[in-house]
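Below you'll find the structure, written out as structure tokens, and then a few comments.
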Amino acid sequence: ASARLDFHSDYGTQFSPRVSALYLPGRWTIRASVGRGYFAPTPFVDEIDAAGLSRLEPLGNLKAETATTASLDIGWARGPWEANLTLFGSDIDNATRLDPIAPTRVRLINIDGTTRLRGSEMLLRFRRDGFTVTGSYVFIDSSEPDPSGPGRRQQPLTPKHTAGLVGMWEEHGKGRIGIEAYYTGRQLLGDNPFRTRSRPYVHLGVLGEIVLGKVSLFANAENLLNIRQSRYDPLLLPQRAPDGRWTVDAWAPLEGFILNAGIRLRFGRE
């Protein structure tokens with residue numbers, strides 16, 4: 001158990017407690033944690049960082065953001081197998097967001113209501129004779145009060161479903177080769193005139209290295225499917241946003257296929 005006490009000149013006294021527990025029955029590892037914390041709002045949010053502070057109104061009567069979080073982590077290992085399941089959640093009160101008040105002006109306000117996040121992450125790994133295969137899946141249900149009316153909406157730029165599969169073979173003194181595949185599901189998009197939800201996509205990559213004495217040759221290829229956001233919609237907005245940005249939010253890779261290769265030299269005795 002731990003606790004932290006902060007005295008803030010603008011947001012008063014903030015108390016942040018946390019309780020954690022660890023239990024190790026045999027091959028299992030079980031961790032649990034619950035806590036509370038706060039965040040003092042600042043003008044340097046992502047949207048403002050992209051365009052500068054010139055369009056932001058001076059901070060008004062804001063409240064500190066407060067969050068209550070909890071997580072449960074269950075792990076298991078036996079022989080070449082390893083598995084892990086994590087459940088997590090958080091409730092954020094007084095979260096901040098930008099609010100347009102004129103064609104060229106924005107202000108930072110507190111959201112009325114609670115921003116909620118619930119999710120889980122599953123991982124399965126197999127290791128044997130230099131081979132490692134790792135599979136993962138993440139589910140996130142994140143919602144916030146809908147600024148356009150009653151009810152709630154999914155948080156923008158937060159995919160509900162993501163998954164990954166990574167395979168690697170490595171032997172000391174000979175080399176290694178690996179392949180990776182990542183899936184990203186649909187995301188709600190905010191302030192995007194071209195679409196309200198993103199497209200799902202798969203990101204593929206491969207790497208390899210050959211060791212020839214003190215010389216190693218390596219190559220790395222990323223985004224083999226050449227996924228680019230600009231292939232679906234323009235990146236430039238039809239007109240400048242009130243916060244000063246000229247581009248839409250990034251929801252997919254902005255670069256296409258990437259290939260790099262090189263030579264690594266080792267000196268001295270091994």
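Letters A, B, ... mark the chains of the structure tokens in the order given; residue numbers begin at 1 per chain; ligand numbers begin at 1, in order shown.
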As a compact mmCIF listing (two decimals) with N, CA, C and O atoms, in the first residue's frame, which residues of segment 123-257 of chain A does DSSP assign to strand (DSSP E)?
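Output file part-v4.txt is given in full below:
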```
# COMPACT_ATOMS: atom_id res chain seq x y z
N LEU A 123 -1.98 -12.88 -23.93
CA LEU A 123 -0.70 -13.17 -24.55
C LEU A 123 -0.38 -14.65 -24.39
O LEU A 123 -0.57 -15.22 -23.30
N LEU A 124 0.11 -15.26 -25.45
CA LEU A 124 0.53 -16.66 -25.43
C LEU A 124 1.88 -16.76 -26.14
O LEU A 124 2.02 -16.28 -27.27
N ARG A 125 2.85 -17.38 -25.48
CA ARG A 125 4.20 -17.46 -26.04
C ARG A 125 4.72 -18.90 -25.95
O ARG A 125 4.50 -19.59 -24.95
N PHE A 126 5.42 -19.32 -27.01
CA PHE A 126 6.04 -20.64 -27.07
C PHE A 126 7.51 -20.48 -27.42
O PHE A 126 7.85 -19.81 -28.40
N ARG A 127 8.39 -21.11 -26.63
CA ARG A 127 9.84 -21.04 -26.86
C ARG A 127 10.42 -22.46 -26.89
O ARG A 127 10.16 -23.26 -25.98
N ARG A 128 11.23 -22.74 -27.93
CA ARG A 128 11.93 -24.02 -27.97
C ARG A 128 13.01 -24.00 -29.05
O ARG A 128 12.74 -23.60 -30.19
N PHE A 131 13.51 -21.07 -31.28
CA PHE A 131 12.29 -20.54 -31.87
C PHE A 131 11.43 -19.90 -30.78
O PHE A 131 11.27 -20.45 -29.70
N THR A 132 10.87 -18.76 -31.11
CA THR A 132 9.93 -18.08 -30.22
C THR A 132 8.74 -17.58 -31.04
O THR A 132 8.92 -16.90 -32.05
N VAL A 133 7.53 -17.97 -30.63
CA VAL A 133 6.31 -17.50 -31.28
C VAL A 133 5.44 -16.84 -30.21
O VAL A 133 5.17 -17.44 -29.17
N THR A 134 5.02 -15.61 -30.48
CA THR A 134 4.22 -14.85 -29.53
C THR A 134 2.95 -14.35 -30.20
O THR A 134 3.01 -13.70 -31.25
N GLY A 135 1.82 -14.65 -29.62
CA GLY A 135 0.54 -14.14 -30.09
C GLY A 135 -0.11 -13.28 -29.03
O GLY A 135 -0.01 -13.58 -27.83
N SER A 136 -0.75 -12.21 -29.43
CA SER A 136 -1.38 -11.30 -28.47
C SER A 136 -2.68 -10.76 -29.04
O SER A 136 -2.85 -10.66 -30.27
N TYR A 137 -3.59 -10.40 -28.14
CA TYR A 137 -4.86 -9.80 -28.53
C TYR A 137 -5.26 -8.80 -27.45
O TYR A 137 -5.15 -9.10 -26.25
N VAL A 138 -5.71 -7.62 -27.86
CA VAL A 138 -6.12 -6.57 -26.93
C VAL A 138 -7.53 -6.11 -27.31
O VAL A 138 -7.80 -5.81 -28.48
N PHE A 139 -8.41 -6.08 -26.31
CA PHE A 139 -9.76 -5.53 -26.48
C PHE A 139 -9.90 -4.32 -25.58
O PHE A 139 -9.58 -4.38 -24.39
N ILE A 140 -10.35 -3.20 -26.14
CA ILE A 140 -10.55 -1.97 -25.37
C ILE A 140 -11.93 -1.40 -25.67
O ILE A 140 -12.28 -1.18 -26.83
N ASP A 141 -12.70 -1.18 -24.63
CA ASP A 141 -13.99 -0.51 -24.73
C ASP A 141 -13.85 0.82 -23.99
O ASP A 141 -13.91 0.86 -22.77
N SER A 142 -13.65 1.89 -24.74
CA SER A 142 -13.40 3.20 -24.16
C SER A 142 -14.46 4.16 -24.67
O SER A 142 -14.65 4.31 -25.88
N SER A 143 -15.16 4.80 -23.74
CA SER A 143 -16.25 5.69 -24.13
C SER A 143 -16.21 6.98 -23.32
O SER A 143 -15.63 7.03 -22.23
N GLU A 144 -16.83 8.01 -23.87
CA GLU A 144 -16.90 9.31 -23.23
C GLU A 144 -18.26 9.93 -23.53
O GLU A 144 -18.94 9.52 -24.47
N PRO A 145 -18.70 10.92 -22.74
CA PRO A 145 -19.95 11.60 -23.06
C PRO A 145 -19.89 12.20 -24.47
O PRO A 145 -18.89 12.80 -24.86
N ARG A 152 -23.46 8.40 -24.98
CA ARG A 152 -22.02 8.25 -24.97
C ARG A 152 -21.53 7.84 -26.36
O ARG A 152 -22.32 7.38 -27.20
N ARG A 153 -20.25 8.01 -26.60
CA ARG A 153 -19.67 7.60 -27.86
C ARG A 153 -18.31 6.95 -27.58
O ARG A 153 -17.70 7.15 -26.54
N GLN A 154 -17.86 6.13 -28.53
CA GLN A 154 -16.53 5.55 -28.44
C GLN A 154 -15.48 6.66 -28.50
O GLN A 154 -15.65 7.66 -29.23
N HIS A 161 -10.31 -3.53 -31.23
CA HIS A 161 -9.63 -4.80 -31.41
C HIS A 161 -8.25 -4.58 -32.05
O HIS A 161 -8.15 -3.94 -33.10
N THR A 162 -7.23 -5.11 -31.41
CA THR A 162 -5.89 -5.16 -32.00
C THR A 162 -5.30 -6.53 -31.67
O THR A 162 -5.60 -7.13 -30.63
N ALA A 163 -4.47 -7.04 -32.57
CA ALA A 163 -3.86 -8.36 -32.38
C ALA A 163 -2.49 -8.38 -33.04
O ALA A 163 -2.20 -7.57 -33.93
N GLY A 164 -1.66 -9.29 -32.58
CA GLY A 164 -0.32 -9.40 -33.13
C GLY A 164 0.17 -10.84 -33.09
O GLY A 164 -0.20 -11.62 -32.21
N LEU A 165 1.03 -11.19 -34.05
CA LEU A 165 1.67 -12.51 -34.10
C LEU A 165 3.11 -12.29 -34.55
O LEU A 165 3.36 -11.73 -35.62
N VAL A 166 4.04 -12.71 -33.70
CA VAL A 166 5.47 -12.52 -33.97
C VAL A 166 6.17 -13.86 -33.85
O VAL A 166 6.01 -14.57 -32.84
N GLY A 167 6.95 -14.23 -34.87
CA GLY A 167 7.76 -15.45 -34.84
C GLY A 167 9.23 -15.11 -35.06
O GLY A 167 9.56 -14.28 -35.90
N MET A 168 10.09 -15.77 -34.29
CA MET A 168 11.53 -15.47 -34.38
C MET A 168 12.33 -16.75 -34.20
O MET A 168 12.02 -17.57 -33.34
N TRP A 169 13.34 -16.93 -35.03
CA TRP A 169 14.35 -17.96 -34.85
C TRP A 169 15.70 -17.28 -34.72
O TRP A 169 16.04 -16.41 -35.52
N GLU A 170 16.46 -17.67 -33.73
CA GLU A 170 17.77 -17.05 -33.49
C GLU A 170 18.73 -18.10 -32.95
O GLU A 170 18.39 -18.89 -32.07
N GLU A 171 19.96 -18.10 -33.49
CA GLU A 171 21.03 -18.97 -33.00
C GLU A 171 22.30 -18.15 -32.92
O GLU A 171 22.72 -17.53 -33.92
N GLY A 175 22.85 -16.38 -36.83
CA GLY A 175 21.96 -15.33 -37.32
C GLY A 175 20.57 -15.46 -36.74
O GLY A 175 20.33 -16.21 -35.78
N ARG A 176 19.65 -14.76 -37.35
CA ARG A 176 18.27 -14.78 -36.89
C ARG A 176 17.35 -14.36 -38.03
O ARG A 176 17.77 -13.68 -38.97
N ILE A 177 16.09 -14.78 -37.93
CA ILE A 177 15.08 -14.36 -38.90
C ILE A 177 13.76 -14.26 -38.17
O ILE A 177 13.46 -15.07 -37.27
N GLY A 178 12.99 -13.26 -38.50
CA GLY A 178 11.73 -13.05 -37.81
C GLY A 178 10.68 -12.47 -38.73
O GLY A 178 10.99 -11.85 -39.75
N ILE A 179 9.42 -12.71 -38.37
CA ILE A 179 8.30 -12.14 -39.10
C ILE A 179 7.25 -11.68 -38.10
O ILE A 179 7.09 -12.29 -37.03
N GLU A 180 6.58 -10.59 -38.41
CA GLU A 180 5.58 -10.03 -37.50
C GLU A 180 4.37 -9.58 -38.29
O GLU A 180 4.47 -9.13 -39.44
N ALA A 181 3.21 -9.73 -37.67
CA ALA A 181 1.95 -9.30 -38.27
C ALA A 181 1.10 -8.67 -37.18
O ALA A 181 0.92 -9.27 -36.11
N TYR A 182 0.58 -7.47 -37.44
CA TYR A 182 -0.24 -6.75 -36.47
C TYR A 182 -1.53 -6.31 -37.14
O TYR A 182 -1.52 -5.77 -38.25
N TYR A 183 -2.64 -6.55 -36.43
CA TYR A 183 -3.95 -6.13 -36.93
C TYR A 183 -4.47 -4.99 -36.07
O TYR A 183 -4.42 -5.04 -34.82
N THR A 184 -4.99 -3.93 -36.71
CA THR A 184 -5.61 -2.80 -36.03
C THR A 184 -7.03 -2.65 -36.55
O THR A 184 -7.24 -2.52 -37.76
N TYR A 201 -6.70 -2.51 -40.76
CA TYR A 201 -5.54 -2.80 -41.61
C TYR A 201 -4.61 -3.78 -40.91
O TYR A 201 -4.65 -3.96 -39.69
N VAL A 202 -3.74 -4.40 -41.71
CA VAL A 202 -2.74 -5.35 -41.22
C VAL A 202 -1.37 -4.82 -41.59
O VAL A 202 -1.12 -4.41 -42.73
N HIS A 203 -0.47 -4.83 -40.61
CA HIS A 203 0.90 -4.37 -40.80
C HIS A 203 1.82 -5.58 -40.74
O HIS A 203 1.86 -6.29 -39.73
N LEU A 204 2.55 -5.85 -41.83
CA LEU A 204 3.45 -7.00 -41.90
C LEU A 204 4.90 -6.52 -41.97
O LEU A 204 5.22 -5.51 -42.60
N GLY A 205 5.78 -7.27 -41.32
CA GLY A 205 7.21 -6.95 -41.35
C GLY A 205 8.04 -8.21 -41.28
O GLY A 205 7.60 -9.26 -40.81
N VAL A 206 9.28 -8.14 -41.76
CA VAL A 206 10.19 -9.27 -41.72
C VAL A 206 11.61 -8.73 -41.53
O VAL A 206 11.94 -7.64 -42.02
N LEU A 207 12.43 -9.46 -40.81
CA LEU A 207 13.82 -9.07 -40.60
C LEU A 207 14.69 -10.32 -40.65
O LEU A 207 14.24 -11.43 -40.36
N GLY A 208 15.94 -10.12 -41.02
CA GLY A 208 16.88 -11.23 -41.07
C GLY A 208 18.30 -10.74 -40.87
O GLY A 208 18.64 -9.60 -41.18
N GLU A 209 19.14 -11.62 -40.32
CA GLU A 209 20.54 -11.31 -40.09
C GLU A 209 21.37 -12.58 -40.25
O GLU A 209 21.00 -13.64 -39.74
N ILE A 210 22.49 -12.47 -40.97
CA ILE A 210 23.43 -13.57 -41.16
C ILE A 210 24.77 -13.16 -40.57
O ILE A 210 25.27 -12.07 -40.87
N VAL A 211 25.34 -14.02 -39.73
CA VAL A 211 26.62 -13.75 -39.09
C VAL A 211 27.70 -14.52 -39.82
O VAL A 211 27.64 -15.76 -39.93
N LEU A 212 28.69 -13.80 -40.32
CA LEU A 212 29.84 -14.38 -41.02
C LEU A 212 31.11 -13.97 -40.29
O LEU A 212 31.75 -12.98 -40.64
N VAL A 215 31.57 -10.28 -39.24
CA VAL A 215 30.72 -9.45 -40.10
C VAL A 215 29.29 -9.99 -40.06
O VAL A 215 29.07 -11.21 -40.14
N SER A 216 28.36 -9.08 -39.90
CA SER A 216 26.94 -9.46 -39.93
C SER A 216 26.23 -8.64 -41.01
O SER A 216 26.43 -7.43 -41.12
N LEU A 217 25.43 -9.34 -41.82
CA LEU A 217 24.62 -8.69 -42.83
C LEU A 217 23.17 -8.76 -42.37
O LEU A 217 22.68 -9.83 -42.01
N PHE A 218 22.48 -7.62 -42.36
CA PHE A 218 21.10 -7.62 -41.88
C PHE A 218 20.21 -6.81 -42.83
O PHE A 218 20.68 -5.91 -43.55
N ALA A 219 18.93 -7.15 -42.82
CA ALA A 219 17.92 -6.43 -43.61
C ALA A 219 16.62 -6.43 -42.83
O ALA A 219 16.31 -7.38 -42.09
N ASN A 220 15.87 -5.37 -43.00
CA ASN A 220 14.60 -5.20 -42.29
C ASN A 220 13.58 -4.58 -43.24
O ASN A 220 13.84 -3.53 -43.83
N ALA A 221 12.45 -5.25 -43.40
CA ALA A 221 11.38 -4.74 -44.27
C ALA A 221 10.13 -4.53 -43.41
O ALA A 221 9.72 -5.43 -42.67
N GLU A 222 9.53 -3.36 -43.53
CA GLU A 222 8.34 -3.02 -42.76
C GLU A 222 7.21 -2.62 -43.70
O GLU A 222 7.44 -2.13 -44.80
```
